Structure formats: C-alpha cells, structure tokens
Amino acid sequence: MPVHNQDIAAIFDEMADLLELQQANPFRVRAYRRAAQTVRAQPRELRDRIEAGEPLPKLPGIGADLGAKIAEIVHTGRCRALEKLKRKVPAGLEDLLHLPGLGPARVRLLRDELGVTSLARLKSAIDKGRLREVRGFGPKLETRLAEAVANPVTGRRMLRAVAAQYTASLIAHLEAVPGVSQVVVAGSFRRGRETVGDIDLLVTARNPAAVVEAFRSYDEVREVLAAGGTRASARLASGLQVDLRILPRPSFGAALHYFTGSKAHNIHVRRMGQRRGLKINEYGVFRGERRVAGQSEESVFASVGLPWIAPELREDTGEIEAARSGRLPDLIERRAIRGDLHVHTSATDGNATLEDMAAAAARAGLEYIACTDHSRYLGAYRGLDEGRLERQIEAIDRLNEEPGRPFVLKGIEVDILEDGALALPDALLGRLDLVVAAVHGHFGLSGRRQTERLLRAIDHPFFTILSHPTARLIGERAPLPLDLERILARCAERGCFIELNSQPQRLDLDDAGCRLAVAHGVLVSIASDAHRPEDFALLEGGVTQARRGWLEDANVLNTRTLAGLRPLLRRTMA
DNA sequence: GCCGTTTTCGGCCCGACTGTTTTCAGTCG
C-alpha cells in the first residue's frame, strides 16, 4: 500500500483532532495541523525520498519528532502514536468535531454530560430533548445541530470556475448599493485554488448597514448564517457560502492581505511583524497604538521588509523566503500565451468547424492553434480514422493558405493504449506537426504499470505532449497513481512536453506538478482543450493554475512565437 | 511539537460573532 503525502497529512490532521479532544496543549495541536498542511503541499512524494534513502528535506513546522513519524508511516503504513490516541478516545467522537458549532470544548461537554460519543447518539439526544440540559446549549444550537446531523452533505467544495459565476452576479448586486466604492473577492478564490469552500467578499462603503441589508436581501440568498455591523455570512441557493466584510478604506490593504490568506502565510507574516515589534491585523500594521501601514497590500508586505507577493503564491510553501532573497518568480500572465496546442473541432466531439475555431482563436488573441481531434480508438468520440485524418490534414493546408487567420498546426489527440502504444500508425503520426497523447481508459492499473505505460508512450518517436497527465477529474476521479518524477525526467530526456489542461474540472497538471516540471526543465503547454469557440476563455484558469505552480513565461511552451515553437516540436528520431 | 536578530526555554496570530449568559466561552476564519 503506497503512502502518499495526502495519507500522511490525513494522519496528522486526525491526530490534531484527537489531541484537541483530549485538551492537549493547543500549540501542539496547531503543530500537527501545520505539519499536515506542509506535507500536503509538497510537490514530491516524501515516500520517494525516504525510500531512495535521501534525508527528509528541512520542511517548515516539521522537526525531529514529526520527521520520525513521517518515516514510520512511510515504512510501516502505520502510526503508533495515532493508534495510541485512538485508544483513548471513543470511535465516533471525532465526527462530532466536524459539525458546525461544535468544537473540542462542546464535544467534551456532550460526552461528559450526556454520554454522546457518536453522530447517532447525538441525534438520539436531540430527539429526546436532552441537549438543552447541557450548559451552553440552547435552542438555536439544538436546531443547527439537528439540521447538520440530518443533512450531512454541507460544506462541499465547489470548482473555482463554477463559484466564479455565482460570485459575479452577487458582486454586481453589491456594487449597485449607494455608497459602495469597491467589492473584491479575497480568500482561496483570489489565491486561485482549483476549488473553493466559500467566497470571501470585501467591501468598502460609506454605509456598512446598507451593504449588509443588501446582502441579506439578495435573491439568491437561501439562508443567513450570521449578520453583524461589519460582517455577514450566508448560504446561496447554489450551496455556496459567502462571507462578507465591510471595511474602512484605510484598512483595505491590510484586510485584503489578511482575508486572502492562506492562514499559514498570514501566520508567517505576522510572526515576522512580531519580531519587528509590529502587530498586524485586518485593520492595519501597528506599532503600539500607531498605525504604520495598511492602506495597500504593498505597505503591509513592506512593513516586514518584503516585496508584494502574488496571491497565487501565498501558501507558505517558500514564497516568503523567495521574496526575502529577491527570488520571487516573474509569474506568467494570460497575455503571454501566443497559441493553444490542444483544440477540437466538429470533426470529432467539438461543436464548431475548424474555420470557426480558428476565428475564435483570433478573437482570443492567439497567433496559432493546433487542431488535435481524437483518434479513432474511442468510438464514442467519433474519433478520426486514417482516411478522415488524411482529409483533415489537407483541409488544414488549404486553410493556412488563406491569410489573416491564426496558423493551424496539424495535430491529433491520440489515445495511449493499455500497453503504452499510440492508437494510430507511425506513418500517419509522422505527417503531423505534433502529437498530443492522452490516457482515456484503463484508469485502474497499478501505479507502477501506469507509469511504465506512460514512459513507453513518451519513448514513441512522434510523441510530443503528454495531455492531462494524471487524468483526474476534480471531485470525481482521483489522479492516476503516477511516478510523476520519472515521467518528467523522461520528458526532459526525450525533449517532450507536458500539458496543463485548462478545463476547470481537470486543471491537470496541478500546482505542485508545475513546480516539479520546472525543476526537471520540462516546458508546460497551457492548453484550453477547447471543444467550443468560447472555450478559449478557459486559458485564463489554466494560467491561474500555472501561476500557483510558480511558472514564468520561459517555462511555458506556448508563450513561444510560431517561429520559436517549430524547432521545439521537431523531434529527433529514436 | 516547533523554533531562534529573545537560540535549548518559553514563547507560539488575532479579532468578530453567536448563543448563552448577565460578563463571556466557544467557534470560526
């Protein structure tokens, strides 16, 4: 059973929960939570390093003790300290901790006063009306818990791109309130996370009460969770939770920084402030009573001796150290993208002709696209056979003779078969400008076989770009258990490339994968995988993910001009 | 449990809102 960073992080999170229930030192609890976050954000599997006999790198918040626990988990798949903690806490008590309104103190109270140690027992205690016997539990909490127990599917994360749609109309609604000067989104949305748990809206306005009132009465609000003079929180009909804060203008920069997070990044910055005798909160940066910064984010960073750091980097995964030493990446922007190397047409499962897709690409400011329809192997896609691909090649040649359009490169999205072979004959693949290859089936192979499968595909003489490398669908299909390091090393060796697919549900490579690609010197193709003319807009989301992965223009294949790109696509024959 | 321009001990980010209370603990972000 291979141990992933995610598994290690889950163990540390569970230990934090259990320690909290036992009233352990709160700073010890925090140490476990912080460690979980650090491990989760590692681009490389810690397992690989440990099994290769490498020393564990120095990771923030992981000292000798937690380092030893990581080694134990990797080697044995177990953690004795976790098992010991579990023996002291009734199974099921942890579940209560994750209900809204319940923290460690109230969970302990429920256990001690009512013997409630599971969701089932909590439900029964509520049904019998016994909850109100406990000090600190009143009718409101009772109702809230009854709902949470009856309806356990709350708090699901939403794709950022989906949340963006719901957020846009709410922002327009609030901007229309008289006296409102700005409405901005902070939080994990601003950091460009691929999914968001909620939306943090910051507003500066002359009349806070009117903003809260307008928020409460927004027609998509299904339930107001909290509302005060400067804050409110509601759940929309879409299920999306929105937290609203109204701020005085001089605090805006400090608040934007504070509510953009991440939490780990904020704590790091505040501690730096502390060492300089500064107090940093959402209202500003203070030395004693005196405000010394806070109107802009730049001023907050400057107060601790740092340049402004892009929100996408603020995960405390090295950005503060990079900022301090003047080594922040010059992050890629959408306008640097000159072409799109993964585009479909109505010849297979797209909904527009090649001409229409090329016209849309021109409107999106692109200088070239690659037409990469599906190969025949997938019957459902009406994939191209040799004859139809032949005709498409001729059609592209004719189109390219007409001036004033983006240049169309001849490509294919070819299936990587179970054994790693490509699903079209070499004679045909050899006539194309590029071959985008992808896994569309046999997802269930072991990590070792899946990796070997992709390595064999990369070794193919006409292979150019590995498309949506892990085949994940966020929230639906887990990423293939690949050894991404070996795959990237082979891509580097063979002069091949890896794709960051911009479809919101894929965003594959992920941020950690992008950083790994940079480390291996493999260029990333940020591609829309467009199936409709309007899909070129998806590139924006791909660029956001790339920025989270620290990519600069030079790390991205399709920032090249067509003239610069062509030699990179020309493969040396094996 | 981690960490060091306060370095091997003694700190550890900070404020708003809720629900219950009658001055505040707990939760949340």
# chains A, B, ... in the order shown; residues from 1 in each chain; ligands from 1

call {"tool": "select_by_dssp", "arguments": {"residues": "segment 101-210 of chain A", "states": "alpha helix (DSSP H)", "output": "PDB file with N, CA and C atoms, in the first residue's frame"}}
result
ATOM      1  N   PRO A 104     -13.911  21.364  20.228  1.00  0.00           N
ATOM      2  CA  PRO A 104     -13.486  20.386  21.228  1.00  0.00           C
ATOM      3  C   PRO A 104     -14.182  20.555  22.579  1.00  0.00           C
ATOM      4  N   ALA A 105     -14.358  21.799  22.995  1.00  0.00           N
ATOM      5  CA  ALA A 105     -14.927  22.017  24.334  1.00  0.00           C
ATOM      6  C   ALA A 105     -16.359  21.479  24.415  1.00  0.00           C
ATOM      7  N   ARG A 106     -17.169  21.809  23.400  1.00  0.00           N
ATOM      8  CA  ARG A 106     -18.568  21.357  23.442  1.00  0.00           C
ATOM      9  C   ARG A 106     -18.687  19.858  23.226  1.00  0.00           C
ATOM     10  N   VAL A 107     -17.811  19.297  22.402  1.00  0.00           N
ATOM     11  CA  VAL A 107     -17.857  17.850  22.201  1.00  0.00           C
ATOM     12  C   VAL A 107     -17.551  17.142  23.521  1.00  0.00           C
ATOM     13  N   ARG A 108     -16.549  17.635  24.245  1.00  0.00           N
ATOM     14  CA  ARG A 108     -16.220  17.023  25.551  1.00  0.00           C
ATOM     15  C   ARG A 108     -17.399  17.138  26.508  1.00  0.00           C
ATOM     16  N   LEU A 109     -18.049  18.295  26.469  1.00  0.00           N
ATOM     17  CA  LEU A 109     -19.193  18.519  27.349  1.00  0.00           C
ATOM     18  C   LEU A 109     -20.313  17.526  27.033  1.00  0.00           C
ATOM     19  N   LEU A 110     -20.573  17.307  25.752  1.00  0.00           N
ATOM     20  CA  LEU A 110     -21.606  16.359  25.346  1.00  0.00           C
ATOM     21  C   LEU A 110     -21.287  14.953  25.845  1.00  0.00           C
ATOM     22  N   ARG A 111     -20.008  14.593  25.702  1.00  0.00           N
ATOM     23  CA  ARG A 111     -19.605  13.256  26.142  1.00  0.00           C
ATOM     24  C   ARG A 111     -19.755  13.131  27.666  1.00  0.00           C
ATOM     25  N   ASP A 112     -19.262  14.138  28.401  1.00  0.00           N
ATOM     26  CA  ASP A 112     -19.266  14.033  29.857  1.00  0.00           C
ATOM     27  C   ASP A 112     -20.665  14.132  30.445  1.00  0.00           C
ATOM     28  N   GLU A 113     -21.490  15.000  29.868  1.00  0.00           N
ATOM     29  CA  GLU A 113     -22.809  15.240  30.476  1.00  0.00           C
ATOM     30  C   GLU A 113     -23.861  14.248  30.001  1.00  0.00           C
ATOM     31  N   LEU A 114     -23.768  13.867  28.703  1.00  0.00           N
ATOM     32  CA  LEU A 114     -24.850  13.047  28.132  1.00  0.00           C
ATOM     33  C   LEU A 114     -24.369  11.701  27.615  1.00  0.00           C
ATOM     34  N   LEU A 119     -22.407  10.416  16.124  1.00  0.00           N
ATOM     35  CA  LEU A 119     -23.490  11.142  15.472  1.00  0.00           C
ATOM     36  C   LEU A 119     -24.842  10.532  15.836  1.00  0.00           C
ATOM     37  N   ALA A 120     -24.896   9.180  15.883  1.00  0.00           N
ATOM     38  CA  ALA A 120     -26.161   8.502  16.186  1.00  0.00           C
ATOM     39  C   ALA A 120     -26.650   8.876  17.581  1.00  0.00           C
ATOM     40  N   ARG A 121     -25.708   8.880  18.542  1.00  0.00           N
ATOM     41  CA  ARG A 121     -26.113   9.218  19.910  1.00  0.00           C
ATOM     42  C   ARG A 121     -26.486  10.688  20.047  1.00  0.00           C
ATOM     43  N   LEU A 122     -25.837  11.526  19.247  1.00  0.00           N
ATOM     44  CA  LEU A 122     -26.195  12.942  19.280  1.00  0.00           C
ATOM     45  C   LEU A 122     -27.624  13.117  18.774  1.00  0.00           C
ATOM     46  N   LYS A 123     -27.936  12.409  17.691  1.00  0.00           N
ATOM     47  CA  LYS A 123     -29.279  12.508  17.114  1.00  0.00           C
ATOM     48  C   LYS A 123     -30.319  12.078  18.135  1.00  0.00           C
ATOM     49  N   SER A 124     -30.019  10.971  18.815  1.00  0.00           N
ATOM     50  CA  SER A 124     -30.966  10.474  19.802  1.00  0.00           C
ATOM     51  C   SER A 124     -31.112  11.452  20.964  1.00  0.00           C
ATOM     52  N   ALA A 125     -30.017  12.071  21.391  1.00  0.00           N
ATOM     53  CA  ALA A 125     -30.089  13.047  22.484  1.00  0.00           C
ATOM     54  C   ALA A 125     -30.921  14.259  22.066  1.00  0.00           C
ATOM     55  N   ILE A 126     -30.768  14.675  20.803  1.00  0.00           N
ATOM     56  CA  ILE A 126     -31.560  15.806  20.313  1.00  0.00           C
ATOM     57  C   ILE A 126     -33.041  15.426  20.297  1.00  0.00           C
ATOM     58  N   ASP A 127     -33.336  14.207  19.774  1.00  0.00           N
ATOM     59  CA  ASP A 127     -34.728  13.747  19.670  1.00  0.00           C
ATOM     60  C   ASP A 127     -35.399  13.698  21.040  1.00  0.00           C
ATOM     61  N   PRO A 139     -31.619  26.602  22.351  1.00  0.00           N
ATOM     62  CA  PRO A 139     -32.488  26.175  21.244  1.00  0.00           C
ATOM     63  C   PRO A 139     -31.852  26.363  19.863  1.00  0.00           C
ATOM     64  N   LYS A 140     -31.087  27.449  19.690  1.00  0.00           N
ATOM     65  CA  LYS A 140     -30.516  27.717  18.368  1.00  0.00           C
ATOM     66  C   LYS A 140     -29.486  26.659  17.985  1.00  0.00           C
ATOM     67  N   LEU A 141     -28.623  26.369  18.934  1.00  0.00           N
ATOM     68  CA  LEU A 141     -27.588  25.370  18.681  1.00  0.00           C
ATOM     69  C   LEU A 141     -28.240  24.011  18.438  1.00  0.00           C
ATOM     70  N   GLU A 142     -29.295  23.749  19.186  1.00  0.00           N
ATOM     71  CA  GLU A 142     -30.009  22.475  19.026  1.00  0.00           C
ATOM     72  C   GLU A 142     -30.534  22.339  17.596  1.00  0.00           C
ATOM     73  N   THR A 143     -31.177  23.397  17.101  1.00  0.00           N
ATOM     74  CA  THR A 143     -31.730  23.360  15.746  1.00  0.00           C
ATOM     75  C   THR A 143     -30.625  23.176  14.709  1.00  0.00           C
ATOM     76  N   ARG A 144     -29.553  23.932  14.894  1.00  0.00           N
ATOM     77  CA  ARG A 144     -28.448  23.887  13.950  1.00  0.00           C
ATOM     78  C   ARG A 144     -27.844  22.477  13.883  1.00  0.00           C
ATOM     79  N   LEU A 145     -27.677  21.876  15.063  1.00  0.00           N
ATOM     80  CA  LEU A 145     -27.082  20.541  15.099  1.00  0.00           C
ATOM     81  C   LEU A 145     -28.045  19.500  14.539  1.00  0.00           C
ATOM     82  N   ALA A 146     -29.330  19.671  14.839  1.00  0.00           N
ATOM     83  CA  ALA A 146     -30.321  18.725  14.311  1.00  0.00           C
ATOM     84  C   ALA A 146     -30.274  18.729  12.787  1.00  0.00           C
ATOM     85  N   GLU A 147     -30.148  19.930  12.205  1.00  0.00           N
ATOM     86  CA  GLU A 147     -30.073  20.032  10.743  1.00  0.00           C
ATOM     87  C   GLU A 147     -28.797  19.408  10.200  1.00  0.00           C
ATOM     88  N   ALA A 148     -27.712  19.675  10.903  1.00  0.00           N
ATOM     89  CA  ALA A 148     -26.421  19.156  10.426  1.00  0.00           C
ATOM     90  C   ALA A 148     -26.387  17.633  10.482  1.00  0.00           C
ATOM     91  N   VAL A 149     -26.978  17.065  11.552  1.00  0.00           N
ATOM     92  CA  VAL A 149     -26.976  15.607  11.683  1.00  0.00           C
ATOM     93  C   VAL A 149     -27.880  14.981  10.627  1.00  0.00           C
ATOM     94  N   ALA A 150     -29.001  15.635  10.358  1.00  0.00           N
ATOM     95  CA  ALA A 150     -29.951  15.096   9.382  1.00  0.00           C
ATOM     96  C   ALA A 150     -29.436  15.254   7.954  1.00  0.00           C
ATOM     97  N   ARG A 160     -13.643  26.343  -8.686  1.00  0.00           N
ATOM     98  CA  ARG A 160     -13.462  27.788  -8.689  1.00  0.00           C
ATOM     99  C   ARG A 160     -14.223  28.429  -9.842  1.00  0.00           C
ATOM    100  N   ALA A 161     -14.159  27.785 -11.008  1.00  0.00           N
ATOM    101  CA  ALA A 161     -14.802  28.355 -12.190  1.00  0.00           C
ATOM    102  C   ALA A 161     -16.322  28.426 -12.014  1.00  0.00           C
ATOM    103  N   VAL A 162     -16.884  27.465 -11.301  1.00  0.00           N
ATOM    104  CA  VAL A 162     -18.331  27.479 -11.057  1.00  0.00           C
ATOM    105  C   VAL A 162     -18.667  28.574 -10.045  1.00  0.00           C
ATOM    106  N   ALA A 163     -17.876  28.621  -8.970  1.00  0.00           N
ATOM    107  CA  ALA A 163     -18.099  29.647  -7.943  1.00  0.00           C
ATOM    108  C   ALA A 163     -17.986  31.048  -8.557  1.00  0.00           C
ATOM    109  N   ALA A 164     -17.108  31.183  -9.546  1.00  0.00           N
ATOM    110  CA  ALA A 164     -16.904  32.489 -10.178  1.00  0.00           C
ATOM    111  C   ALA A 164     -18.201  33.004 -10.788  1.00  0.00           C
ATOM    112  N   GLN A 165     -18.993  32.107 -11.352  1.00  0.00           N
ATOM    113  CA  GLN A 165     -20.247  32.518 -11.984  1.00  0.00           C
ATOM    114  C   GLN A 165     -21.243  33.048 -10.948  1.00  0.00           C
ATOM    115  N   TYR A 166     -21.379  32.310  -9.842  1.00  0.00           N
ATOM    116  CA  TYR A 166     -22.310  32.770  -8.809  1.00  0.00           C
ATOM    117  C   TYR A 166     -21.834  34.072  -8.181  1.00  0.00           C
ATOM    118  N   THR A 167     -20.523  34.219  -8.081  1.00  0.00           N
ATOM    119  CA  THR A 167     -19.961  35.380  -7.407  1.00  0.00           C
ATOM    120  C   THR A 167     -20.142  36.656  -8.232  1.00  0.00           C
ATOM    121  N   ALA A 168     -20.013  36.514  -9.546  1.00  0.00           N
ATOM    122  CA  ALA A 168     -20.052  37.704 -10.400  1.00  0.00           C
ATOM    123  C   ALA A 168     -21.354  38.480 -10.235  1.00  0.00           C
ATOM    124  N   SER A 169     -22.482  37.769 -10.195  1.00  0.00           N
ATOM    125  CA  SER A 169     -23.752  38.489 -10.107  1.00  0.00           C
ATOM    126  C   SER A 169     -23.965  39.090  -8.715  1.00  0.00           C
ATOM    127  N   LEU A 170     -23.443  38.409  -7.691  1.00  0.00           N
ATOM    128  CA  LEU A 170     -23.542  38.970  -6.340  1.00  0.00           C
ATOM    129  C   LEU A 170     -22.718  40.256  -6.235  1.00  0.00           C
ATOM    130  N   ILE A 171     -21.544  40.236  -6.845  1.00  0.00           N
ATOM    131  CA  ILE A 171     -20.691  41.429  -6.815  1.00  0.00           C
ATOM    132  C   ILE A 171     -21.418  42.598  -7.497  1.00  0.00           C
ATOM    133  N   ALA A 172     -22.024  42.308  -8.639  1.00  0.00           N
ATOM    134  CA  ALA A 172     -22.752  43.366  -9.353  1.00  0.00           C
ATOM    135  C   ALA A 172     -23.873  43.924  -8.464  1.00  0.00           C
ATOM    136  N   HIS A 173     -24.563  43.026  -7.758  1.00  0.00           N
ATOM    137  CA  HIS A 173     -25.644  43.438  -6.858  1.00  0.00           C
ATOM    138  C   HIS A 173     -25.124  44.387  -5.780  1.00  0.00           C
ATOM    139  N   LEU A 174     -23.975  44.040  -5.187  1.00  0.00           N
ATOM    140  CA  LEU A 174     -23.438  44.859  -4.094  1.00  0.00           C
ATOM    141  C   LEU A 174     -22.852  46.170  -4.616  1.00  0.00           C
ATOM    142  N   GLU A 175     -22.279  46.131  -5.800  1.00  0.00           N
ATOM    143  CA  GLU A 175     -21.697  47.347  -6.365  1.00  0.00           C
ATOM    144  C   GLU A 175     -22.765  48.399  -6.638  1.00  0.00           C
ATOM    145  N   GLY A 187      -9.679  35.552  -0.126  1.00  0.00           N
ATOM    146  CA  GLY A 187      -9.748  34.132   0.192  1.00  0.00           C
ATOM    147  C   GLY A 187      -9.088  33.218  -0.839  1.00  0.00           C
ATOM    148  N   SER A 188      -9.448  31.933  -0.754  1.00  0.00           N
ATOM    149  CA  SER A 188      -8.806  30.938  -1.614  1.00  0.00           C
ATOM    150  C   SER A 188      -9.160  31.182  -3.076  1.00  0.00           C
ATOM    151  N   PHE A 189     -10.290  31.857  -3.321  1.00  0.00           N
ATOM    152  CA  PHE A 189     -10.643  32.230  -4.697  1.00  0.00           C
ATOM    153  C   PHE A 189      -9.576  33.151  -5.283  1.00  0.00           C
ATOM    154  N   ARG A 190      -9.185  34.141  -4.520  1.00  0.00           N
ATOM    155  CA  ARG A 190      -8.168  35.066  -5.022  1.00  0.00           C
ATOM    156  C   ARG A 190      -6.819  34.375  -5.172  1.00  0.00           C
ATOM    157  N   PRO A 208     -22.096  50.870   5.985  1.00  0.00           N
ATOM    158  CA  PRO A 208     -21.999  49.415   6.123  1.00  0.00           C
ATOM    159  C   PRO A 208     -23.360  48.733   6.301  1.00  0.00           C
ATOM    160  N   ALA A 209     -24.238  49.359   7.073  1.00  0.00           N
ATOM    161  CA  ALA A 209     -25.522  48.709   7.367  1.00  0.00           C
ATOM    162  C   ALA A 209     -26.303  48.460   6.082  1.00  0.00           C
ATOM    163  N   ALA A 210     -26.219  49.412   5.140  1.00  0.00           N
ATOM    164  CA  ALA A 210     -26.953  49.247   3.886  1.00  0.00           C
ATOM    165  C   ALA A 210     -26.385  48.083   3.080  1.00  0.00           C
TER     166      ALA A 210
END

call {"tool": "select_by_dssp", "arguments": {"residues": "segment 231-287 of chain A", "states": "strand (DSSP E or B)", "output": "list in words"}}
result
Arg231, Ala232, Ser233, Ala234, Arg235, Leu236, Gln241, Val242, Asp243, Leu244, Arg245, Ile246, Leu247, Lys279, Ile280, Asn281, Gly284, Val285, Phe286 and Arg287 of chain A

call {"tool": "interface_residues", "arguments": {"of": "chain B", "to": "chain A", "cutoff": "7 Å", "atoms": "only C-alpha atoms (C1' of nucleotides)", "output": "list in words"}}
result
DG1, DC2, DC12, DC13, DC14, DT20 and DT27 of chain B

call {"tool": "residues_around", "arguments": {"residues": "Asn555 of chain A", "least_positions_apart": "4", "cutoff": "9 Å", "atoms": "only C-alpha atoms (C1' of nucleotides)", "output": "list in words"}}
result
Ile332, Ala517, Val518, Gly521, Val522, Leu523, Val524, Ser525, Leu551 and Thr559 of chain A

call {"tool": "closest_residue", "arguments": {"among": "B:DC28, B:DT22, B:DG15, B:DT8", "to": "Ala255 of chain A", "atoms": "only C-alpha atoms (C1' of nucleotides)"}}
result
B:DG15

call {"tool": "residues_around", "arguments": {"residues": "segment 398-411 of chain A", "least_positions_apart": "4", "cutoff": "8 Å", "atoms": "only C-alpha atoms (C1' of nucleotides)", "output": "ChimeraX atom specification"}}
result
/A:355,358-359,361-362,366-373,393-394,432-436

call {"tool": "closest_residue", "arguments": {"among": "A:Arg222, A:Arg477, A:Lys69, A:His265", "to": "Ala237 of chain A", "atoms": "only C-alpha atoms"}}
result
A:Arg222

call {"tool": "atom_distance", "arguments": {"atom1": "atom CA of Ala186 of chain A", "atom2": "atom CA of Ala16 of chain A"}}
result
27.3 Å
